[in-house]
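> For reference, the structure I am asking about is given below.
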Amino acid sequence: MDIWQILMTPFSWLLKLFCDVFNSYGIALFLFTIVIKVILFPLNLKGKKGMIKMNVVNSQLQEIQKRCGNDKERYNQEVQKFYAENNANPMSGCGWQMIPLIILYPLYAIIRRPLKYMMWLTEDAVKAVANAVGWSDFTIAGSNELILASMLKSENLEAAKAAVGASAAANVFIINFDFFGIDLSQVPKLNFWEGGISWASFGLFLLPVISALLSVVTMLVTQKTNQMNRDQAPPKMNISLILMGPLMSLWIGFALPAGMCIYWIANSILGMVQEIICGRLLRKDYEAAQKEMAEQAAKAKEAEKERRRIAAEKKAAAIAAGKDPKKAHQKNKNKEKGVDLSASREGLRAYARGRAYDPNRYPITPYWDPNGPAKPAAEEKPEELTEEEKQIVAQSNPELAAQAEAAEKARAAEASAPDEAPAEDGGDYEEAYAEDEDNGENK
C-alpha cells in the first residue's frame, strides 16, 4: 500500500459506506460532497473574515506607500510592523481556497480507480478481475479501471472474487453507476447524437453543461451576498476571470467520467447555500468593516489637509523671508532620509560618477563674443503662492499670509521697475561699438 492509498483511505471508506447504504454511486458522491463542505465550512468562514480584514487594511497600506515613497526597504519594514501590530495575515483570505483543490485530487483518483482505492486491490488483482470478466487486453490507464468496475455484474462477481484470491475476495463488490438512467462511469461526448439519440447519451452531455452554468450562478450569488460591495458600484471584472470557472468545468466534464460532473454540480449547489449562510453570519462584520473604512478615509483626508497646510505655510514663510521656495525645497529634498548622494561624489574610485557617465553627452554651449553686446542673463521666475495655498495660509496663519503677500508685491514691483543706464557709459554702447569697427576697417 503506497502513501497515496494511505492518505485516501478515509475518503475511500466514506464513499464506500455511502455506496453500500444507498446503492447509488451518484447519491454517494453527492453526500460525500456535503460532508466535505461541512468539514471545510469553518475554514471557509475564517477565510472570509480574513478577506474582510484585508479590505480594511488596504487603505492603510496605501497611506504607508505614500509616506515611504520610493524607499522600498522602509516600506517593507513598516508593512511587516503593521501586520504584527494588527494581527493581519496577507494570505488569510486565500489559503482556504487551496484546500478544496487538495481534496479534489483524492476524489478524482477514487473515481478514476475504484478497484484500487475502494476495493484495495493490487494491480495484479485488478488485471485478474479484468480477465475474469472477459477483458483480455486490459491496461491500467485513463478511466479503464472505472469502466472495468461498471462491468462487474452479479453473473461474473463470483468469478472475479475467485480470481483475486480468498484474502481480497471480500473487498470486491458491485458498484451501481446508474444515476437516473445515466451511466456515471462513462465519459460525456460532444457528439452525443452518434449511435442514436437516447436519454443516456443526452443526459451525459447535459451534465457538463449544467456544471458550467451552475458555476456562473454561483459566481453571481457570491457577488450578491458580498456586503462590502452592496452599497458600492459593481466592480468591473475581467471577462477572462468570468469565463475561467465555466470553461474549466466544461473541460473537466468532457474529459473525465461523469461522476466528476456530479461532484462539481453538488459543489456548486452547496457553494451557493454556503455563500448565503456566510453572508448572514458575517453581516455585522461587513458593517463594522465599512464603518472602519469610512473612518480611515476621513482620517486620511484630514492628514492630507494638514500636510497641505504645513507645505503652504513653509512656502509662505520662505516668500516672506525673501527666499526662493523652489531652491529651499530642493535643498531640503536632498537632505531627506533615504536619498543617497554618495554615488555622485568625485573621488579616486574609477566609477564614482557611474559607468554611464559621459562628459560630452550634452551639446557645447554656443560661442559668445565677450566684446559684443551684453549677454542677457537667464532669470527664473520666482515661485508664488497659488490661490488655494493663499486661502489655506490665510485660514491657519493670517499674519504669515499678510507677510507673504507683501513680499510678493514688493518683488513684483522691483521686477517691473525700469532699468537705468549708468551715467559713466557716455552714450549708446552699440553706436560706440559700430565706430570702433569703422575705424578698424579704415586702418
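Ligands are numbered from 1 in the order shown, chains are lettered A, B, ... in the order of the C-alpha cells, and residues start at 1 in each chain.
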Running DSSP on the backbone, which parts of region 185-303 of chain A land in helix (DSSP H, G or I), as a count of residues only?
91
> Neighbours of region 170-175 of chain A within 9 Å (only C-alpha atoms; same-chain residues fewer than 5 positions away dropped), as a ChimeraX atom specification?
/A:19-20,23-25,115,118-121,149-154,157,160-161,164
> Just to confirm, what's the straight-line distance from CA of Ala162 (chain A) to CA of Glu145 (chain A) in Å (one decimal)?
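Pair CA of Ala162 (chain A) / CA of Glu145 (chain A) returns 18.5 Å.
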